[in-house]
Every structure is written in C-alpha cells, then in structure tokens.
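Engineer: Compact mmCIF, C-alpha atoms, file structure.txt:
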```txt
# COMPACT_ATOMS: atom_id res chain seq x y z
CA MET A 5 -17.05 8.78 -3.48
CA LYS A 6 -19.48 6.42 -5.18
CA THR A 7 -18.27 3.80 -7.64
CA PRO A 8 -19.94 5.38 -10.74
CA ASP A 9 -18.27 8.71 -9.82
CA LEU A 10 -14.93 6.97 -9.49
CA ILE A 11 -15.41 5.36 -12.90
CA ASP A 12 -16.17 8.81 -14.34
CA THR A 13 -12.94 10.19 -12.84
CA LEU A 14 -10.87 7.25 -14.06
CA VAL A 15 -12.34 7.45 -17.57
CA ASP A 16 -11.72 11.21 -17.69
CA SER A 17 -8.09 10.77 -16.71
CA ALA A 18 -7.48 7.83 -19.09
CA MET A 19 -4.73 8.75 -21.53
CA PRO A 20 -3.28 6.34 -24.09
CA VAL A 21 -0.60 4.23 -22.41
CA GLY A 22 2.39 2.43 -23.89
CA ARG A 23 2.24 -1.29 -23.22
CA LEU A 24 5.06 -2.87 -21.27
CA ARG A 25 7.54 -4.94 -23.25
CA PRO A 26 7.75 -8.65 -22.39
CA PRO A 27 9.53 -9.29 -19.06
CA LEU A 28 12.50 -11.02 -20.70
CA VAL A 29 13.14 -8.00 -22.93
CA ARG A 30 12.93 -5.67 -19.95
CA ALA A 31 15.28 -7.87 -17.92
CA ALA A 32 17.70 -7.81 -20.87
CA LEU A 33 17.49 -4.00 -20.97
CA TRP A 34 18.25 -3.77 -17.27
CA LEU A 35 21.17 -6.20 -17.63
CA LEU A 36 22.47 -4.15 -20.54
CA PHE A 37 22.40 -1.11 -18.27
CA ALA A 38 24.23 -3.12 -15.60
CA VAL A 39 26.92 -4.11 -18.11
CA LEU A 40 27.22 -0.47 -19.12
CA VAL A 41 27.74 0.58 -15.49
CA LEU A 42 30.34 -2.16 -15.04
CA VAL A 43 32.18 -1.14 -18.23
CA VAL A 44 32.23 2.53 -17.20
CA LEU A 45 33.55 1.63 -13.75
CA THR A 46 36.16 -0.70 -15.22
CA VAL A 47 37.36 1.99 -17.63
CA ALA A 48 37.48 4.57 -14.85
CA HIS A 49 39.11 2.36 -12.22
CA GLY A 50 40.89 -0.34 -14.24
CA VAL A 51 40.56 -4.06 -13.48
CA ARG A 52 42.51 -5.63 -10.65
CA PRO A 53 46.04 -6.52 -11.74
CA ASP A 54 45.72 -10.22 -10.94
CA LEU A 55 42.39 -10.78 -12.70
CA SER A 56 43.60 -13.19 -15.40
CA GLU A 57 45.49 -15.18 -12.80
CA ARG A 58 42.49 -15.26 -10.47
CA LEU A 59 40.11 -16.29 -13.24
CA ARG A 60 42.19 -19.43 -13.71
CA GLN A 61 41.43 -20.43 -10.12
CA PRO A 62 38.29 -22.59 -10.12
CA THR A 63 36.81 -21.12 -6.91
CA PHE A 64 37.04 -17.55 -8.19
CA ALA A 65 35.77 -18.46 -11.65
CA VAL A 66 32.86 -20.46 -10.27
CA GLY A 67 32.08 -17.66 -7.82
CA MET A 68 32.03 -15.09 -10.62
CA PHE A 69 29.88 -17.33 -12.75
CA GLY A 70 27.54 -17.92 -9.79
CA ALA A 71 27.22 -14.17 -9.15
CA LEU A 72 26.59 -13.47 -12.82
CA ALA A 73 23.97 -16.22 -13.08
CA THR A 74 22.32 -14.98 -9.87
CA GLY A 75 22.20 -11.45 -11.25
CA VAL A 76 20.70 -12.50 -14.58
CA LEU A 77 18.18 -14.94 -13.12
CA ALA A 78 17.14 -12.60 -10.28
CA ALA A 79 16.55 -9.81 -12.79
CA VAL A 80 14.40 -12.11 -14.93
CA ALA A 81 12.55 -13.27 -11.81
CA SER A 82 11.81 -9.77 -10.59
CA PHE A 83 10.44 -8.63 -13.95
CA LYS A 84 8.36 -11.79 -14.23
CA VAL A 85 6.99 -11.55 -10.67
CA SER A 86 6.16 -7.87 -11.11
CA LEU A 87 3.35 -8.87 -13.49
CA PRO A 88 0.17 -9.68 -11.58
CA ASP A 89 -0.78 -12.86 -13.44
CA SER A 90 2.60 -14.56 -13.36
CA SER A 91 3.39 -17.31 -10.86
CA ARG A 92 5.15 -16.59 -7.60
CA SER A 93 7.41 -19.61 -8.20
CA TRP A 94 9.52 -17.42 -10.49
CA LEU A 95 11.12 -16.19 -7.27
CA LEU A 96 12.84 -19.57 -6.96
CA LEU A 97 14.61 -19.14 -10.33
CA PRO A 98 17.83 -17.55 -9.01
CA LEU A 99 18.05 -19.94 -6.05
CA PRO A 100 20.44 -22.58 -7.55
CA ALA A 101 22.80 -19.88 -8.83
CA LEU A 102 22.61 -18.12 -5.46
CA ILE A 103 23.58 -21.32 -3.64
CA LEU A 104 26.53 -21.81 -6.01
CA TRP A 105 27.69 -18.21 -5.54
CA VAL A 106 27.37 -18.17 -1.74
CA SER A 107 29.03 -21.56 -1.40
CA THR A 108 32.16 -20.41 -3.28
CA ILE A 109 32.42 -17.34 -1.06
CA GLY A 110 32.21 -19.53 1.99
CA TYR A 111 34.75 -22.02 0.60
CA GLY A 112 37.28 -19.30 -0.33
CA CYS A 113 36.85 -17.80 3.08
CA LEU A 114 37.55 -21.08 4.82
CA THR A 115 40.65 -21.98 2.78
CA ASP A 116 42.09 -18.47 3.05
CA TRP A 117 41.47 -18.45 6.76
CA VAL A 118 43.58 -21.54 7.12
CA SER A 119 46.40 -20.55 4.76
CA MET A 120 47.07 -16.95 5.70
CA GLY A 121 46.59 -14.39 8.46
CA PRO A 122 43.98 -11.62 8.21
CA ASN A 123 46.38 -8.83 7.25
CA GLY A 124 45.59 -8.37 3.56
CA VAL A 125 43.72 -5.16 2.90
CA ARG A 126 44.59 -1.60 3.73
CA MET A 127 41.96 0.96 4.67
CA GLY A 128 42.40 2.88 1.40
CA GLU A 129 41.32 -0.15 -0.59
CA ALA A 130 38.26 -0.61 1.63
CA VAL A 131 37.14 2.98 1.00
CA ARG A 132 37.56 2.53 -2.75
CA CYS A 133 35.62 -0.69 -2.50
CA PHE A 134 32.80 1.16 -0.81
CA ALA A 135 32.80 3.75 -3.59
CA THR A 136 32.52 0.96 -6.20
CA LEU A 137 29.72 -0.58 -4.16
CA LEU A 138 27.74 2.66 -4.15
CA LEU A 139 28.49 3.53 -7.77
CA THR A 140 27.23 0.15 -8.93
CA SER A 141 24.31 -0.47 -6.64
CA ALA A 142 22.75 3.02 -6.63
CA PRO A 143 22.10 3.42 -10.39
CA LEU A 144 21.08 -0.22 -10.76
CA SER A 145 18.66 0.00 -7.82
CA ILE A 146 17.12 3.21 -9.14
CA ALA A 147 16.74 1.70 -12.63
CA MET A 148 15.11 -1.41 -11.18
CA LEU A 149 12.73 0.59 -8.96
CA VAL A 150 11.61 2.79 -11.83
CA MET A 151 11.16 -0.16 -14.17
CA VAL A 152 8.97 -2.17 -11.78
CA ARG A 153 7.20 0.75 -10.08
CA TYR A 154 3.73 -0.52 -11.03
CA ALA A 155 4.35 -3.55 -8.80
CA ALA A 156 4.03 -1.29 -5.73
CA LEU A 157 0.34 -2.17 -5.53
CA LEU A 158 0.71 -5.83 -6.32
CA ARG A 159 3.75 -7.70 -4.95
CA PRO A 160 6.11 -5.07 -3.54
CA THR A 161 8.08 -7.26 -1.16
CA ALA A 162 8.68 -10.14 -3.58
CA VAL A 163 9.73 -7.80 -6.40
CA CYS A 164 12.04 -5.79 -4.11
CA MET A 165 13.66 -8.92 -2.77
CA SER A 166 14.53 -10.42 -6.15
CA GLY A 167 15.40 -7.01 -7.58
CA GLY A 168 17.71 -6.39 -4.61
CA LEU A 169 19.34 -9.76 -5.16
CA ALA A 170 20.00 -8.93 -8.82
CA VAL A 171 21.58 -5.60 -7.84
CA ALA A 172 23.63 -7.26 -5.11
CA ALA A 173 24.98 -9.92 -7.48
CA MET A 174 25.96 -7.31 -10.05
CA THR A 175 27.65 -5.21 -7.34
CA SER A 176 29.56 -8.25 -6.19
CA ILE A 177 30.81 -8.87 -9.74
CA ALA A 178 32.00 -5.26 -9.91
CA LEU A 179 33.83 -5.67 -6.60
CA SER A 180 35.47 -8.90 -7.70
CA LEU A 181 36.54 -7.45 -11.05
CA LEU A 182 37.97 -4.21 -9.70
CA HIS A 183 39.38 -4.87 -6.26
CA GLU A 184 41.96 -7.18 -4.81
CA LEU A 185 40.09 -8.51 -1.86
CA ASP A 186 42.04 -11.51 -0.75
CA ALA A 187 41.67 -11.20 2.95
CA THR A 188 39.06 -13.60 4.18
CA VAL A 189 37.07 -11.29 6.40
CA MET A 190 36.92 -8.61 3.74
CA ILE A 191 35.66 -11.07 1.14
CA LEU A 192 32.94 -12.11 3.46
CA ILE A 193 32.00 -8.56 4.43
CA TRP A 194 32.11 -7.12 0.94
CA ASN A 195 30.61 -9.93 -1.03
CA LEU A 196 28.13 -11.51 1.29
CA GLY A 197 27.68 -8.49 3.57
CA SER A 198 27.00 -6.05 0.75
CA ALA A 199 24.70 -8.55 -0.95
CA ALA A 200 22.75 -9.08 2.25
CA LEU A 201 22.71 -5.35 2.96
CA ILE A 202 21.41 -4.41 -0.49
CA ALA A 203 18.83 -7.21 -0.55
CA GLY A 204 17.78 -6.35 3.02
CA LEU A 205 17.52 -2.61 2.33
CA ALA A 206 15.55 -3.37 -0.81
CA SER A 207 13.01 -5.47 1.03
CA VAL A 208 12.69 -3.05 3.98
CA PHE A 209 12.56 0.27 2.13
CA GLY A 210 11.66 -1.03 -1.33
CA ARG A 211 7.97 -1.13 -0.50
CA SER A 212 7.67 2.52 0.47
CA LEU A 213 10.16 3.63 -2.21
CA LEU A 214 8.13 1.80 -4.83
CA ALA A 215 4.93 3.38 -3.55
CA TRP A 216 6.56 6.80 -3.78
CA ILE A 217 7.87 6.22 -7.29
CA ALA A 218 4.48 4.80 -8.35
CA LEU A 219 2.62 7.91 -7.10
CA PRO A 220 2.49 9.57 -10.55
CA LEU A 221 0.47 6.56 -11.76
CA THR A 222 -2.46 7.68 -9.57
CA PRO A 223 -4.96 9.96 -11.33
CA THR A 224 -4.43 13.54 -10.13
CA ALA A 225 -8.06 13.91 -9.04
CA LEU A 226 -7.72 10.99 -6.61
CA ARG A 227 -4.26 11.67 -5.23
CA SER A 228 -5.32 13.46 -2.07
CA SER A 229 -7.86 10.83 -1.01
CA MET B 26 -24.73 -7.52 -54.36
CA SER B 27 -23.75 -3.91 -53.94
CA ALA B 28 -27.27 -2.79 -54.83
CA ARG B 29 -28.65 -4.99 -52.10
CA ARG B 30 -26.19 -3.51 -49.65
CA HIS B 31 -27.32 -0.01 -50.58
CA ASN B 32 -30.97 -0.97 -50.12
CA ARG B 33 -30.41 -2.04 -46.53
CA PRO B 34 -32.45 -0.10 -43.99
CA PRO B 35 -30.23 2.36 -42.12
CA SER B 36 -31.06 0.86 -38.72
CA LEU B 37 -29.36 -2.39 -39.72
CA THR B 38 -26.19 -0.53 -40.65
CA VAL B 39 -26.17 1.15 -37.24
CA VAL B 40 -26.59 -2.17 -35.42
CA ALA B 41 -23.80 -3.72 -37.49
CA ALA B 42 -21.53 -0.79 -36.71
CA SER B 43 -22.22 -0.91 -32.96
CA ALA B 44 -21.68 -4.68 -32.95
CA ALA B 45 -18.27 -4.11 -34.43
CA GLU B 46 -17.58 -1.46 -31.81
CA VAL B 47 -18.59 -3.53 -28.81
CA PRO B 48 -16.54 -6.72 -28.67
CA PHE B 49 -18.42 -9.73 -27.28
CA ARG B 50 -17.09 -13.08 -26.17
CA THR B 51 -18.54 -16.28 -27.58
CA SER B 52 -20.18 -16.84 -24.19
CA GLY B 53 -22.15 -13.61 -24.61
CA GLY B 54 -20.39 -11.24 -22.19
CA LEU B 55 -18.23 -8.30 -23.16
CA ASP B 56 -14.72 -9.14 -24.33
CA TRP B 57 -12.70 -7.48 -21.54
CA SER B 58 -9.40 -8.20 -23.20
CA LYS B 59 -10.30 -6.30 -26.36
CA LEU B 60 -11.89 -3.47 -24.38
CA MET B 61 -8.71 -3.13 -22.29
CA ALA B 62 -6.56 -3.16 -25.42
CA ARG B 63 -8.66 -0.30 -26.79
CA ALA B 64 -8.52 1.52 -23.45
CA GLN B 65 -4.72 1.27 -23.57
CA ASP B 66 -4.88 3.02 -26.93
CA GLY B 67 -6.94 5.83 -25.39
CA ASP B 68 -10.50 4.77 -26.29
CA ARG B 69 -12.43 6.23 -23.35
CA GLN B 70 -15.78 4.76 -24.32
CA ALA B 71 -14.33 1.26 -24.36
CA TYR B 72 -12.66 1.99 -21.02
CA ARG B 73 -15.95 3.14 -19.48
CA MET B 74 -17.71 0.01 -20.75
CA LEU B 75 -14.95 -2.14 -19.31
CA LEU B 76 -14.94 -0.49 -15.87
CA GLU B 77 -18.75 -0.51 -15.66
CA ASP B 78 -18.78 -4.19 -16.58
CA LEU B 79 -16.00 -5.03 -14.10
CA ALA B 80 -17.65 -3.31 -11.11
CA PRO B 81 -20.44 -5.88 -10.50
CA TYR B 82 -18.03 -8.78 -11.05
CA LEU B 83 -15.59 -7.32 -8.54
CA ARG B 84 -18.47 -6.68 -6.14
CA SER B 85 -19.37 -10.37 -6.28
CA ILE B 86 -15.78 -11.24 -5.31
CA ALA B 87 -15.58 -8.56 -2.60
CA ILE B 88 -18.83 -9.71 -0.99
CA ARG B 89 -17.09 -13.00 -0.09
CA CYS B 90 -14.36 -11.16 1.83
CA PHE B 91 -16.20 -8.22 3.43
CA LYS B 92 -19.47 -8.05 5.33
CA GLN B 93 -20.21 -4.32 5.46
CA PRO B 94 -21.58 -2.83 2.20
CA ASN B 95 -19.21 0.14 2.65
CA ASP B 96 -16.19 -2.15 2.86
CA VAL B 97 -17.33 -4.06 -0.22
CA GLU B 98 -17.64 -0.82 -2.20
CA ASP B 99 -14.26 0.42 -0.94
CA ALA B 100 -12.64 -2.83 -2.04
CA VAL B 101 -14.26 -2.61 -5.49
CA GLN B 102 -13.01 0.97 -5.89
CA ASP B 103 -9.54 -0.01 -4.71
CA VAL B 104 -9.32 -2.74 -7.37
CA LEU B 105 -10.67 -0.42 -10.09
CA MET B 106 -8.05 2.19 -9.19
CA THR B 107 -5.29 -0.42 -9.24
CA VAL B 108 -6.46 -1.68 -12.63
CA HIS B 109 -6.32 1.93 -13.83
CA MET B 110 -2.81 2.46 -12.50
CA VAL B 111 -1.31 -0.75 -13.88
CA ARG B 112 -3.33 -0.92 -17.11
CA HIS B 113 -0.16 -0.50 -19.17
CA ALA B 114 1.13 -3.77 -17.64
CA TYR B 115 -1.65 -5.79 -19.31
CA ASP B 116 -0.59 -7.76 -22.36
CA PRO B 117 -3.63 -8.14 -24.70
CA SER B 118 -2.29 -11.45 -26.00
CA ARG B 119 -2.87 -12.96 -22.55
CA PRO B 120 -6.32 -13.61 -20.99
CA PHE B 121 -7.77 -10.70 -19.02
CA GLY B 122 -9.64 -12.76 -16.37
CA PRO B 123 -6.62 -14.18 -14.52
CA TRP B 124 -4.88 -10.79 -14.70
CA LEU B 125 -7.86 -9.06 -13.10
CA LEU B 126 -8.40 -11.80 -10.55
CA ALA B 127 -4.76 -11.69 -9.47
CA ILE B 128 -5.00 -7.93 -8.91
CA ALA B 129 -8.34 -8.25 -7.10
CA ASN B 130 -7.05 -10.99 -4.79
CA ARG B 131 -3.87 -9.07 -4.06
CA ARG B 132 -5.70 -5.84 -3.17
CA MET B 133 -8.40 -7.55 -1.12
CA ILE B 134 -5.86 -9.59 0.85
CA ASP B 135 -3.94 -6.37 1.51
CA ARG B 136 -7.15 -4.72 2.72
CA LEU B 137 -8.06 -7.65 4.95
CA ARG B 138 -4.57 -7.63 6.46
CA ARG B 139 -4.78 -3.91 7.12
CA GLU B 140 -8.19 -4.36 8.74
CA THR B 141 -6.98 -7.19 10.95
CA ARG B 142 -4.01 -5.10 12.07
CA LYS B 143 -6.33 -2.19 12.79
CA LYS B 144 -8.71 -4.36 14.78
CA ALA B 145 -5.84 -5.73 16.86
CA ARG B 146 -4.69 -2.21 17.76
CA GLU B 147 -7.88 -0.18 18.04
CA ILE B 148 -11.12 -0.49 20.02
CA ALA B 149 -14.24 1.47 19.18
CA LEU B 150 -15.11 3.83 22.05
CA SER B 151 -18.68 3.58 23.31
CA THR B 152 -20.58 5.34 26.12
CA GLU B 153 -20.19 2.28 28.30
CA HIS B 154 -16.45 2.77 28.49
CA GLU B 155 -15.36 4.67 31.58
CA THR B 156 -13.34 7.78 31.06
CA PHE B 157 -12.31 8.24 34.72
CA SER B 158 -11.75 5.72 37.45
CA ALA B 159 -13.82 7.57 40.13
CA PRO B 160 -17.32 6.02 40.17
CA ALA B 161 -19.13 9.35 40.57
CA THR B 162 -17.85 10.60 37.17
CA ASN B 163 -19.39 7.70 35.31
CA LEU B 164 -22.94 8.08 36.59
CA ASN B 165 -25.58 9.29 34.24
CA GLU B 166 -25.58 12.77 35.71
CA ALA B 167 -28.53 14.43 34.02
CA GLU B 168 -31.09 11.85 35.09
CA PHE B 169 -29.64 11.53 38.54
CA ASP B 170 -29.69 15.30 39.15
CA ALA B 171 -33.24 15.83 37.92
CA ALA B 172 -34.62 13.03 40.08
CA ALA B 173 -32.70 14.13 43.17
CA LEU B 174 -33.71 17.76 42.72
CA SER B 175 -37.43 17.12 42.34
CA GLU B 176 -37.30 14.84 45.38
CA ALA B 177 -35.55 17.54 47.41
CA ILE B 178 -38.04 20.22 46.31
CA GLU B 179 -40.92 18.04 47.50
CA ARG B 180 -39.43 18.05 50.97
CA LEU B 181 -39.49 21.89 51.19
CA PRO B 182 -42.32 23.77 52.99
CA PRO B 183 -45.25 24.42 50.59
CA GLU B 184 -44.62 28.17 50.41
CA GLN B 185 -40.96 27.75 49.32
CA GLN B 186 -41.94 24.88 47.05
CA ARG B 187 -44.32 27.10 45.13
CA ALA B 188 -41.81 29.96 44.90
CA ILE B 189 -39.08 27.69 43.48
CA GLN B 190 -41.50 26.04 41.07
CA MET B 191 -42.73 29.36 39.67
CA LEU B 192 -39.50 31.37 39.59
CA LYS B 193 -36.86 28.72 38.87
CA LEU B 194 -38.54 25.71 37.24
CA ASN B 195 -41.24 27.55 35.23
CA GLU B 196 -38.94 30.57 34.76
CA MET B 197 -41.66 33.16 35.55
CA SER B 198 -40.63 36.73 36.34
CA LEU B 199 -41.15 38.11 39.86
CA LYS B 200 -44.10 40.22 38.66
CA GLU B 201 -45.79 37.29 36.97
CA ALA B 202 -45.26 35.09 40.00
CA ALA B 203 -46.59 37.79 42.31
CA ALA B 204 -49.71 38.15 40.15
CA ALA B 205 -50.22 34.38 39.97
CA SER B 206 -49.74 33.66 43.66
CA GLY B 207 -51.19 36.89 45.11
CA ARG B 208 -48.11 37.42 47.28
CA SER B 209 -45.74 40.37 47.38
CA ILE B 210 -42.50 40.40 45.39
CA THR B 211 -40.45 40.70 48.58
CA ALA B 212 -42.15 37.68 50.11
CA LEU B 213 -41.42 35.63 46.96
CA LYS B 214 -37.77 36.74 46.98
CA VAL B 215 -37.38 35.71 50.61
CA ALA B 216 -39.11 32.36 50.01
CA THR B 217 -36.84 31.61 47.01
CA HIS B 218 -33.73 32.57 48.94
CA ARG B 219 -34.70 30.30 51.84
CA ALA B 220 -35.63 27.45 49.48
CA ILE B 221 -32.26 27.57 47.71
CA LYS B 222 -30.48 27.74 51.05
CA SER B 223 -32.25 24.68 52.36
CA LEU B 224 -31.77 22.78 49.07
CA ARG B 225 -28.05 23.52 49.23
CA LYS B 226 -28.00 22.23 52.81
CA MET B 227 -29.86 19.06 51.83
CA PHE B 228 -27.49 18.22 48.96
CA ARG B 229 -24.42 18.96 51.08
CA GLN B 230 -25.68 16.52 53.73
CA GLN B 231 -26.44 13.94 51.04
CA GLY B 232 -22.95 14.34 49.56
CA GLN B 233 -21.32 13.86 52.95
CA ARG B 234 -23.39 10.73 53.55
CA SER B 235 -22.42 9.16 50.22
```
Now that the file is in, can you turn its structure into structure tokens?
Structural biologist:
Amino acid sequence: MKTPDLIDTLVDSAMPVGRLRPPLVRAALWLLFAVLVLVVLTVAHGVRPDLSERLRQPTFAVGMFGALATGVLAAVASFKVSLPDSSRSWLLLPLPALILWVSTIGYGCLTDWVSMGPNGVRMGEAVRCFATLLLTSAPLSIAMLVMVRYAALLRPTAVCMSGGLAVAAMTSIALSLLHELDATVMILIWNLGSAALIAGLASVFGRSLLAWIALPLTPTALRSS
Amino acid sequence: MSARRHNRPPSLTVVAASAAEVPFRTSGGLDWSKLMARAQDGDRQAYRMLLEDLAPYLRSIAIRCFKQPNDVEDAVQDVLMTVHMVRHAYDPSRPFGPWLLAIANRRMIDRLRRETRKKAREIALSTEHETFSAPATNLNEAEFDAAALSEAIERLPPEQQRAIQMLKLNEMSLKEAAAASGRSITALKVATHRAIKSLRKMFRQQGQRS
C-alpha cells in the first residue's frame, strides 16, 4: 500500500474521539476502583480479627503504608509513562515506597523467624488467601490493561511493569487487611511472592495482552495487513 | 465600516475564510496541534491536511534510520498508523512536535530491533548456496549437458551424426528427413537407433570415469 492510499484509509476511518483525561485523574479513577474492590472484599470476608492490634505495631503499619504508597505512586507512574511524550524517569517514582514496603516484609520475616517456629497457617487459610489474591488482582489488572491499552504500540514493557507493581501492592494490602498471615514463610510467599508474580506476569504477558486489547484501535480496513 | 465590508470583492472573503480554516504557525508551517485537535473532533479535512503534512517530515526522520526506500516508506506508514491509533491520547494543550517525535522514535527503534533480530536469524537464499552436499548436484546442469552432448555427437560417424541432427536436434519428421537427405526412412531409423546407442555408451563410460 502506498502512503497516500494509507492516508486516504486513515482519513476515511477517522471518527471523532474522546480525549484522554489527565494522567493524574485517570490514576485517581483506577485507585478509586481499587478501593472499591477492597471495600467489597472486606465486606464479604470481614477484616482480620487482630487488625487494630497489628496496626499499632510499627512494622505492620509502616509495611501497610509502604504498600499503599507503592500502589498509588506506581499507578500514577504507569499512567504518566503510557503517554508518549512523558519522561521515562516517572518509572522511578514508586521506587522509594517500594524499598520501604519490601524492607518491612523482610524485617518482619527475620524477627518472626527468630521468635517462633513456622507452624502458623493452616491450609484452609492459604486457599482463602489465594482467592483474595485472585479477586483483587484480576479486576485491577484488567482495568489497568484496558485503561492503558493505547500504550501497546509505545512503551508496553514499562507500562506493564509499573501497572503490575500497582496491582501487586494493592493485592498485598488486601491480603494484609483480610488474612492473619503471621508465619514468616507465608508472609514472604504471599506478600513478596505474589507481588513478584503479578509484576512478572504483567511484564511477560502484558505486552501481548495489551496488543490484543489495543486491536480495536486499528482501522478495520488495515487489520488484516 | 459595514458598507466597506459589504463592498469587499468576494475573492477576499474566500481567502479570509480559508485562512481561518487552515491554522498556520508563526514560523509559516501548518499548526499541527490545532489540526490534530480538530481531527480529534472528527474534522476529516483537517486530519488529511495533518497526515499529508506529517508524511514528508516523518520520511526525513526515517531516512536517517533506514537505507532502502521501501523500508523508509514502511516506517513512515507505521508511524502514521500509530498516530491514528493513539490520537485520542494527544492533549492539545501540549506541543505536538515532541509527542509525534516520541512516537516516531519509539516505532522506528522497534522496527530496527525487529530487523536486527531477523537478520541474526535468517539468511537470504541465493543460487550460490548448495542445496545438496554431493558435488554433482550443484553443477550447472543445462550448460554442462548441452556442451557434452554436442561434443559426443561430433564423435559419431557422419551418417549417424546427420540422422541425429535432423531427427532429434532439428526435430524433423522421418519423411522430411528422408526427402532432405535422399535416404530411405528405414536407413534413417537404423542410423538414429545406432547413434543413440553409441551416445548412451559414451556417456556411461564418461560417468564411470568421473
């Protein structure tokens, strides 16, 4: 196809489009959705019985704050980076919060390892944890993918990575709010493991998933070529 | 004032109207940002003007990355399509140039990467590449056969040589050959049969020797 012909096709298929809202507004919308998912899960499952007691412990409180800050900043970063003319350095935005979050997980793990034996969690709790993990991360991932689908052609890996991090942080908050995970190994697996898994899956499959979700953006006349 | 406006020649009004329609930058070029804003609202004419104005600019960028004219054109089309697909992501309050350049760089780097990967994996197949390891299969058969055959025919007795030349090489019928040579059809048949037999023998001996 020659370039003038392509221009003809593109012009013919040009419909009025709604402009994207500013990235901060879109990040806020996504975070609102995340809060909604968390509230629904909390209502359905109920918070862990020792939440108020745990929140008084500095490690737990700092960890929760770190996860929340990571989620918020990673969401802002992914919406910022999804725009072609914004700087790539936005990816570094959630880094300090991420370090804070991961360091509290590691610290809790170490102290718990010393103070008590690894016999805390029954299998039933682990299965419920997994359900929470899926119920939080799946809708948030889908929402994020749909909202940044136009980035498939621009910066897929960077957007998927920071988007995955935001989802992982939010999932971790849900896990911490709902489940009593005091055993060291389980904390590590659920918090860090699920975060790494979600972020990893997002960067491996995010690219092709984004491309698939972005397919309707292609003009119909050009889709087969 | 209003009377003067009414007395204006119509051509001036048309020029003024078209100037309002086509947004120009202070530097003289088309204002891409305004054209894109109009294209987002569904103005196809503005969109066509924008894309037609972008194409040569993109070509000048693509020429730095790609050598083949086809590759340059493919890259330009790729960027135009991407601009089309993400046009809703453009914010008219921000400059258009950096937005476009970021997209163009991204797509061209992607293309270059894909090309490099392809080059590392694939080799263009040419006639010089051998398909089989046996040397005999890679010889230029047609030329070799024709030369060997004409050489072998020259070694035949003159009578058989003539018969082969007329009946097989010139593809004459037996009647025509008989008329041309003044010999009987049976004699020609026998001569051809003997010629083919001795040619076969010659090639078999040659094959055994090689």
Engineer: Hey, which of B:Arg89, B:Arg208, B:Arg84, B:His218 ends up closest to chain A? Count only C-alpha atoms.
Structural biologist: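 Looking at the shortest contact to chain A, the residue is B:Arg84.
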Engineer: Could you list, as a ChimeraX atom specification, every residue within 7 Å of range 174-184 of chain A, counting only C-alpha atoms and ignoring same-chain residues fewer than 4 positions away?
Structural biologist: /A:42,46,50-52,55,68,71-72,75,133,136-137,140-141,170,195
Engineer: If we count all atoms listed in the file and set the cut-off at 8 Å, which residues sit around Thr7 in chain A, ignoring sequence neighbours fewer than 5 positions away in its own chain? Please answer as JSON, numbers by chain.
Structural biologist: {"B": [80, 98, 101, 102]}
Engineer: Hey, can you spit out that residue selection with C-alpha atoms as a PDB file, in the frame of the given file?
Structural biologist:
```pdb
ATOM      1  CA  ALA B  80     -17.650  -3.310 -11.110  1.00  0.00           C
ATOM      2  CA  GLU B  98     -17.640  -0.820  -2.200  1.00  0.00           C
ATOM      3  CA  VAL B 101     -14.260  -2.610  -5.490  1.00  0.00           C
ATOM      4  CA  GLN B 102     -13.010   0.970  -5.890  1.00  0.00           C
TER       5      GLN B 102
END
```
Engineer: Tell me which of A:Leu45, A:Pro20, A:Ala135, A:Trp34 sits closest to Ser82 in chain A, counting only C-alpha atoms.
Structural biologist: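 Using only C-alpha atoms, the shortest distance to Ser82 in chain A belongs to A:Trp34.
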Engineer: My list of candidates is A:Ala156, A:Val163, A:Leu36, A:Leu96. Which is closest to chain B when distances are computed with only C-alpha atoms?
Structural biologist: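 Looking at the shortest contact to chain B, the residue is A:Ala156.
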Engineer: Starting from chain B, keep only residues with some atom at most 10 Å from an atom of chain A, counting only C-alpha atoms, and report them as an NGL selection string.
Structural biologist: :B and (62-77 or 80 or 98-99 or 101-117 or 119-132 or 135)
Engineer: Set the distance at 12 Å and use only C-alpha atoms: which residues neighbour Glu179 in chain B once local chain neighbours fewer than 4 positions away are removed? I'd like the list as a ChimeraX atom specification.
Structural biologist: /B:172-175,183-187,189-190,220,223-224,227
Engineer: Please indicate the distance in Å from CA of Thr108 in chain A to CA of Pro62 in chain A, rounded to one decimal place.
Structural biologist: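 Between these atoms lies a distance of 9.4 Å.
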Engineer: Using CA of Leu95 in chain A and CA of Val171 in chain A as the two end points, give the distance in Å to one decimal.
Structural biologist: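 Pair CA of Leu95 in chain A / CA of Val171 in chain A returns 14.9 Å.
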Engineer: To one decimal place, how far is CA of Leu79 in chain B from CA of Lys84 in chain A in Å?
Structural biologist: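 Value for the CA of Leu79 in chain B-CA of Lys84 in chain A distance: 25.3 Å.
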Engineer: Here is a test: counting all atoms listed in the file, which residue of A:Leu169, A:Ile146, A:Ile109, A:Val131 is nearest to Val80 in chain A?
Structural biologist: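 Closest to Val80 in chain A of all the choices is A:Leu169.
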Engineer: How would range 28-40 of chain A look with N, CA and C atoms restored, written as a tab-separated table (two decimals), in the coordinates of the input?
Structural biologist:
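Listed below is the output, part.tsv:
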```tsv
chain	number	residue	atom	x	y	z
A	28	LEU	N	11.13	-10.61	-20.34
A	28	LEU	CA	12.50	-11.02	-20.70
A	28	LEU	C	13.24	-9.87	-21.39
A	29	VAL	N	12.52	-9.14	-22.24
A	29	VAL	CA	13.14	-8.00	-22.93
A	29	VAL	C	13.53	-6.94	-21.92
A	30	ARG	N	12.65	-6.71	-20.95
A	30	ARG	CA	12.93	-5.67	-19.95
A	30	ARG	C	14.08	-6.08	-19.06
A	31	ALA	N	14.15	-7.39	-18.72
A	31	ALA	CA	15.28	-7.87	-17.92
A	31	ALA	C	16.57	-7.68	-18.71
A	32	ALA	N	16.50	-7.97	-20.03
A	32	ALA	CA	17.70	-7.81	-20.87
A	32	ALA	C	18.14	-6.35	-20.91
A	33	LEU	N	17.16	-5.43	-20.96
A	33	LEU	CA	17.49	-4.00	-20.97
A	33	LEU	C	18.19	-3.59	-19.67
A	34	TRP	N	17.65	-4.10	-18.58
A	34	TRP	CA	18.25	-3.77	-17.27
A	34	TRP	C	19.67	-4.34	-17.19
A	35	LEU	N	19.84	-5.58	-17.67
A	35	LEU	CA	21.17	-6.20	-17.63
A	35	LEU	C	22.15	-5.45	-18.53
A	36	LEU	N	21.64	-4.95	-19.64
A	36	LEU	CA	22.47	-4.15	-20.54
A	36	LEU	C	22.97	-2.90	-19.81
A	37	PHE	N	22.04	-2.29	-19.06
A	37	PHE	CA	22.40	-1.11	-18.27
A	37	PHE	C	23.45	-1.48	-17.23
A	38	ALA	N	23.28	-2.66	-16.61
A	38	ALA	CA	24.23	-3.12	-15.60
A	38	ALA	C	25.61	-3.31	-16.23
A	39	VAL	N	25.64	-3.90	-17.42
A	39	VAL	CA	26.92	-4.11	-18.11
A	39	VAL	C	27.56	-2.76	-18.41
A	40	LEU	N	26.72	-1.81	-18.82
A	40	LEU	CA	27.22	-0.47	-19.12
A	40	LEU	C	27.88	0.15	-17.88
```
